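> Dumping the structure here so I can ask a few things about it.
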Amino acid sequence: MTTSPHLIWLLSGVAVILIIATLIGEALRARLAPDGSNPVIENLNARIAAWWGMVVLLALAFIAGRPGVVALFAVLSFSALREFLTLTAKARADHWALLGAFFVVLPLQYWLVATDWYGLYSVLVPVYAFLLMPVVSALRGSPKGYLSRVAETQWALMICVYCVSHVPALLSLNIPGYEGRNVILIAWLIFTVQLSDVLQYVWGKLVGRRKLAPELSPSKTWEGLIGGVLSASAIGASLWWMTPFTLWQAAGLALVVTLMGSFGGLVMSAIKRDKGVKDWGHLIAGHGGFLDRLDSVVFAAPIFFHLVRYFWA
Amino acid sequence: MPVPPLFRRVLANLAGKGITLFARIVTAPRAIWQGIEPVPRQRVYFANHTSNGDFVLIWTVLPAMLRRRTRPVAALDYWLAKPLRAFIGRDVFNAVLIDRRPEARVDDPVTLMTQALDEGASLILFPEGLRNMGDDPLLPFKSGLYHLARQRPEVDLVPVWISNLNRIMPKGEVVPLPLICTLTFGAPLHLEPGEEKQPFLDRASAALLSLRGEGTA
């Protein structure tokens, strides 16, 4: 896979956005609280710094090509799965089933993605893991909370392994006339969905009034959702020339993925609320955990994958 | 097997780095400094004890500067049983080794701990005395913590709740589950004037229990 000029364009564009964001963040700090005493500004700057890290990692993976992208998302899956399973119901009897999730199902899923075995990676978690993992737990016999335990473990695998693996799986789609450029699909998907997250935050801060779901997430508003989804879709659509889509197809797909991304944020907030935590983890400064950053991509990637596969590949 | 002291030191240092790195990879431990800041003050960290990895985790999340001066209090009969264990216990962690068998011991455990404090060290202590394998979140405390508080009243006694470790490595399992561990550091305790042994131990136990649920269950 050679680095295409379009990818360089997109990455340079993101770098310009981040440079501007960095300058604004530093200017705000210098103007308002040079001693680092304003938590909102410090969090903003920590987030921007983490964005630099994430973009550099993604760019390196893109340059390394398919093995790099698959390896990166396998590591992200592992970190996300660890965050999710830390919060789920489990008992000592589940030890081997949970080890299986980390050290058998996850590597196998990514190996299947890497070797392009669509027939198996699309059913490994929803069929084989779904049926066999509860057997491993049941054989250790401990019926207390059994259904919650196996159901929550299955959810963790679906979200953190199955859904996330559909991002690198985009590389295996065979789109006539678009050979060797699939990495752009990944870059476009992640860019559009994450941009929607950022713009929802910005719109929400600027004009947000009506709460979307105050019991789940106090910061989400209808104004933020609509403004963010529409503006990110417009920007995503304006990049149609680097995708296999026409302008209007790109607009439609951007609308679908940004909406799915917002739903993802909402669903994952509900789970966090249920489990009594604010963030999934602590390893990405300013953002929380890996799942806090991945939640929207998790919900958008499989739908995007199947739409593109059905209509274009 | 005689090993030159300098080589032994270097080896102990490397082993310490290796163990903390391994702990970080397996559990991604997260320290919540709720009642104190990680600053160089002399402290006795007392924690719940569910796994042999407990003090390794406390040791791992302490800043390197504090880690070097912090010594776990551990059972002599366990840590001196095998040569490798003895190397790790003595050279890597510089543990204060106490004998749990009153009939066999030469030195009184509290005397050994106060000696270590007087040399400037901080301590990691598990006041339950043994690993908690049951369903109760915390076993009754042994009296060592009270004697330390009475004999060295100026030292901060800091409760540390360790969550999840029993799920990462349940008793009898060999392969650890890579879940996230949370360590919540609470506000320091001191012995109140005239406070008796049992009320103090109850207060310390309640302070430790109150940190539960701050991180992930």
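Simple scheme: letters A, B, ... for chains in structure tokens order, numbers from 1 for residues in each chain, numbers from 1 for ligands in the order shown.
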Compile the contact shell of region 75-91 of chain B as an mmCIF file with C-alpha atoms, in the first residue's frame: residues with an atom at most 9 Å away, counting only C-alpha atoms, same-chain residues fewer than 3 positions apart removed.


```cif
data_model
loop_
_atom_site.group_PDB
_atom_site.id
_atom_site.type_symbol
_atom_site.label_atom_id
_atom_site.label_comp_id
_atom_site.auth_asym_id
_atom_site.auth_seq_id
_atom_site.Cartn_x
_atom_site.Cartn_y
_atom_site.Cartn_z
ATOM 1 C CA ARG B 8 23.533 -8.022 43.273
ATOM 2 C CA ARG B 9 22.445 -4.396 43.629
ATOM 3 C CA LEU B 11 20.396 -7.091 39.443
ATOM 4 C CA ALA B 12 17.942 -6.120 42.203
ATOM 5 C CA ASN B 13 17.426 -2.746 40.556
ATOM 6 C CA ALA B 15 14.402 -6.903 38.725
ATOM 7 C CA GLY B 16 12.499 -4.086 40.467
ATOM 8 C CA PRO B 72 6.781 -3.586 52.576
ATOM 9 C CA ASN B 94 13.990 -4.431 50.857
ATOM 10 C CA ALA B 95 11.121 -5.893 52.875
ATOM 11 C CA VAL B 96 10.905 -5.684 56.646
ATOM 12 C CA LEU B 97 10.574 -9.402 57.296
ATOM 13 C CA ILE B 98 8.612 -10.337 60.372
ATOM 14 C CA ASP B 99 7.987 -13.738 61.859
ATOM 15 C CA ARG B 100 4.314 -14.633 62.187
ATOM 16 C CA ARG B 101 5.066 -17.474 64.601
#
```

> Sort by chain and increasing residue number a table of all residues of chain A within 12 Å of chain B, each with its closest pair of atoms and their distance in Å to one decimal, counting only C-alpha atoms, and write it as CSV.


```
residue,atom,partner,partner_atom,distance
A:Phe78,CA,B:Pro178,CA,9.3
A:Ser79,CA,B:Pro178,CA,9.3
A:Ala80,CA,B:Leu179,CA,10.5
A:Leu81,CA,B:Leu179,CA,8.8
A:Arg82,CA,B:Leu179,CA,5.2
A:Glu83,CA,B:Ile180,CA,6.7
A:Phe84,CA,B:Leu179,CA,8.9
A:Leu85,CA,B:Leu179,CA,6.9
A:Thr86,CA,B:Leu179,CA,5.3
A:Leu87,CA,B:Thr216,CA,6.6
A:Thr88,CA,B:Ala217,CA,9.6
A:Ala89,CA,B:Ala217,CA,10.0
A:Lys90,CA,B:Arg167,CA,8.3
A:Ala91,CA,B:Arg167,CA,7.7
A:Arg92,CA,B:Pro170,CA,6.6
A:Ala93,CA,B:Pro170,CA,9.7
A:Asp94,CA,B:Arg167,CA,9.7
A:His95,CA,B:Leu177,CA,7.5
A:Trp96,CA,B:Leu177,CA,9.0
A:Ala97,CA,B:Leu177,CA,10.3
A:Leu98,CA,B:Leu177,CA,7.3
A:Leu99,CA,B:Leu177,CA,6.1
A:Gly100,CA,B:Leu177,CA,9.8
A:Ala101,CA,B:Leu177,CA,10.0
A:Phe102,CA,B:Pro178,CA,8.0
A:Phe103,CA,B:Leu177,CA,9.7
A:Lys272,CA,B:Thr216,CA,11.0
A:Lys275,CA,B:Thr216,CA,8.5
A:Gly276,CA,B:Thr216,CA,8.3
A:Val277,CA,B:Thr216,CA,7.4
A:Lys278,CA,B:Gly215,CA,10.3
A:Asp279,CA,B:Thr216,CA,10.5
A:Trp280,CA,B:Thr216,CA,9.7
A:Gly281,CA,B:Ile180,CA,8.3
A:His282,CA,B:Arg30,CA,7.3
A:Leu283,CA,B:Ala28,CA,8.4
A:Gly288,CA,B:Arg30,CA,11.8
A:Gly289,CA,B:Ile180,CA,11.1
```

> Produce a file of the selected residues containing C-alpha atoms, as a PDB file, in the first residue's frame.


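Writing done, so here's result_26.pdb:
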```pdb
ATOM      1  CA  PHE A  78      -7.256  -4.988  23.906  1.00  0.00           C
ATOM      2  CA  SER A  79      -7.189  -1.727  25.872  1.00  0.00           C
ATOM      3  CA  ALA A  80     -10.911  -1.176  25.310  1.00  0.00           C
ATOM      4  CA  LEU A  81     -11.767  -4.738  26.325  1.00  0.00           C
ATOM      5  CA  ARG A  82      -9.750  -4.358  29.518  1.00  0.00           C
ATOM      6  CA  GLU A  83     -11.660  -1.182  30.371  1.00  0.00           C
ATOM      7  CA  PHE A  84     -15.035  -2.767  29.628  1.00  0.00           C
ATOM      8  CA  LEU A  85     -14.418  -6.052  31.455  1.00  0.00           C
ATOM      9  CA  THR A  86     -13.078  -4.211  34.496  1.00  0.00           C
ATOM     10  CA  LEU A  87     -16.635  -2.961  35.053  1.00  0.00           C
ATOM     11  CA  THR A  88     -18.730  -5.999  34.117  1.00  0.00           C
ATOM     12  CA  ALA A  89     -20.239  -8.639  36.396  1.00  0.00           C
ATOM     13  CA  LYS A  90     -17.987 -11.651  36.822  1.00  0.00           C
ATOM     14  CA  ALA A  91     -17.182 -14.443  39.210  1.00  0.00           C
ATOM     15  CA  ARG A  92     -14.224 -16.700  39.846  1.00  0.00           C
ATOM     16  CA  ALA A  93     -15.879 -19.325  37.648  1.00  0.00           C
ATOM     17  CA  ASP A  94     -15.474 -16.988  34.656  1.00  0.00           C
ATOM     18  CA  HIS A  95     -11.701 -16.789  34.892  1.00  0.00           C
ATOM     19  CA  TRP A  96     -10.974 -19.058  31.940  1.00  0.00           C
ATOM     20  CA  ALA A  97     -13.766 -17.641  29.802  1.00  0.00           C
ATOM     21  CA  LEU A  98     -12.410 -14.123  30.368  1.00  0.00           C
ATOM     22  CA  LEU A  99      -8.860 -15.232  29.635  1.00  0.00           C
ATOM     23  CA  GLY A 100     -10.259 -16.728  26.439  1.00  0.00           C
ATOM     24  CA  ALA A 101     -11.775 -13.379  25.501  1.00  0.00           C
ATOM     25  CA  PHE A 102      -8.433 -11.613  25.856  1.00  0.00           C
ATOM     26  CA  PHE A 103      -6.028 -14.225  24.582  1.00  0.00           C
ATOM     27  CA  LYS A 272     -21.024   4.136  32.370  1.00  0.00           C
ATOM     28  CA  LYS A 275     -21.789   1.102  36.425  1.00  0.00           C
ATOM     29  CA  GLY A 276     -21.296   4.343  38.350  1.00  0.00           C
ATOM     30  CA  VAL A 277     -18.210   5.700  36.603  1.00  0.00           C
ATOM     31  CA  LYS A 278     -17.517   8.912  34.709  1.00  0.00           C
ATOM     32  CA  ASP A 279     -14.802   7.621  32.409  1.00  0.00           C
ATOM     33  CA  TRP A 280     -13.880   4.184  31.120  1.00  0.00           C
ATOM     34  CA  GLY A 281     -10.249   4.533  32.038  1.00  0.00           C
ATOM     35  CA  HIS A 282      -7.396   6.903  32.674  1.00  0.00           C
ATOM     36  CA  LEU A 283      -4.702   6.261  30.100  1.00  0.00           C
ATOM     37  CA  GLY A 288     -10.365   9.326  30.020  1.00  0.00           C
ATOM     38  CA  GLY A 289     -10.009   5.838  28.635  1.00  0.00           C
TER      39      GLY A 289
END
```

> Could you tell me which of A:Leu76, A:Val69, A:Leu266, A:Ala237 comes closest to Asn182 (chain A) if we count only C-alpha atoms?

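Ranked by minimum distance to Asn182 (chain A), first place goes to A:Val69.
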
> Quick check, in Å to one decimal: how far apart do CA of Tyr310 (chain A) and CA of Leu225 (chain A) lie?

28.1 Å

> So which residues touch Ala23 (chain B) within 9 Å, counting only C-alpha atoms, skipping near sequence neighbours fewer than 5 positions away, as a list of chain:residue names?

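Those residues are B:Gly18, B:Ala28, B:Pro29, B:Gly53, B:Val56, B:Leu57, B:Thr60.
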
> Restricting the output to C-alpha atoms, write the selected residues as a JSON list (two decimals), in the first residue's frame.


```json
[["chain", "number", "residue", "atom", "x", "y", "z"],
["B", 18, "GLY", "CA", 10.95, -5.50, 35.49],
["B", 28, "ALA", "CA", -2.62, -0.74, 34.16],
["B", 29, "PRO", "CA", -2.88, 0.32, 37.83],
["B", 53, "GLY", "CA", 0.51, -8.85, 44.24],
["B", 56, "VAL", "CA", 3.82, -4.76, 44.30],
["B", 57, "LEU", "CA", 0.95, -2.57, 43.08],
["B", 60, "THR", "CA", 4.40, 0.43, 41.40]]
```

> Counting only C-alpha atoms, what is within 12 Å of Leu62 (chain B), bar same-chain residues fewer than 3 positions away, as a list of chain:residue names?

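In the requested format, the answer is B:Thr20, B:Pro29, B:Arg30, B:Ala31, B:Ile32, B:Trp33, B:Glu37, B:Pro38, B:Val39, B:Pro40, B:Tyr45, B:Phe55, B:Val56, B:Leu57, B:Ile58, B:Trp59, B:Met65, B:Leu66, B:Arg67, B:Arg68, B:Arg69, B:Thr70, B:Arg71, B:Ser122, B:Ile124, B:Val160, B:Leu183, B:Thr184, B:Phe185.
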
> Near Ser219 (chain A), within 9 Å and counting only C-alpha atoms, which residues show up once chain neighbours fewer than 6 positions away are dropped, as JSON, numbers by chain?

{"A": [201, 204, 205, 208, 211, 212, 213]}

> Looking only at the backbone, which of the residues in region 157-194 of chain B does DSSP tag as strand (DSSP E), as a list in words?

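Selecting the strand (DSSP E) positions of region 157-194 of chain B gives Leu157, Val158, Pro159, Val160, Trp161, Ile162, Ser163, Thr182, Leu183, Thr184 and Phe185 of chain B.
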
> Using only C-alpha atoms, which protein or nucleic acid residues come within 8 Å of Met242 (chain A)? Drop anything in the same chain fewer than 3 positions from it, and give the result as a ChimeraX atom specification.

/A:6,184,239
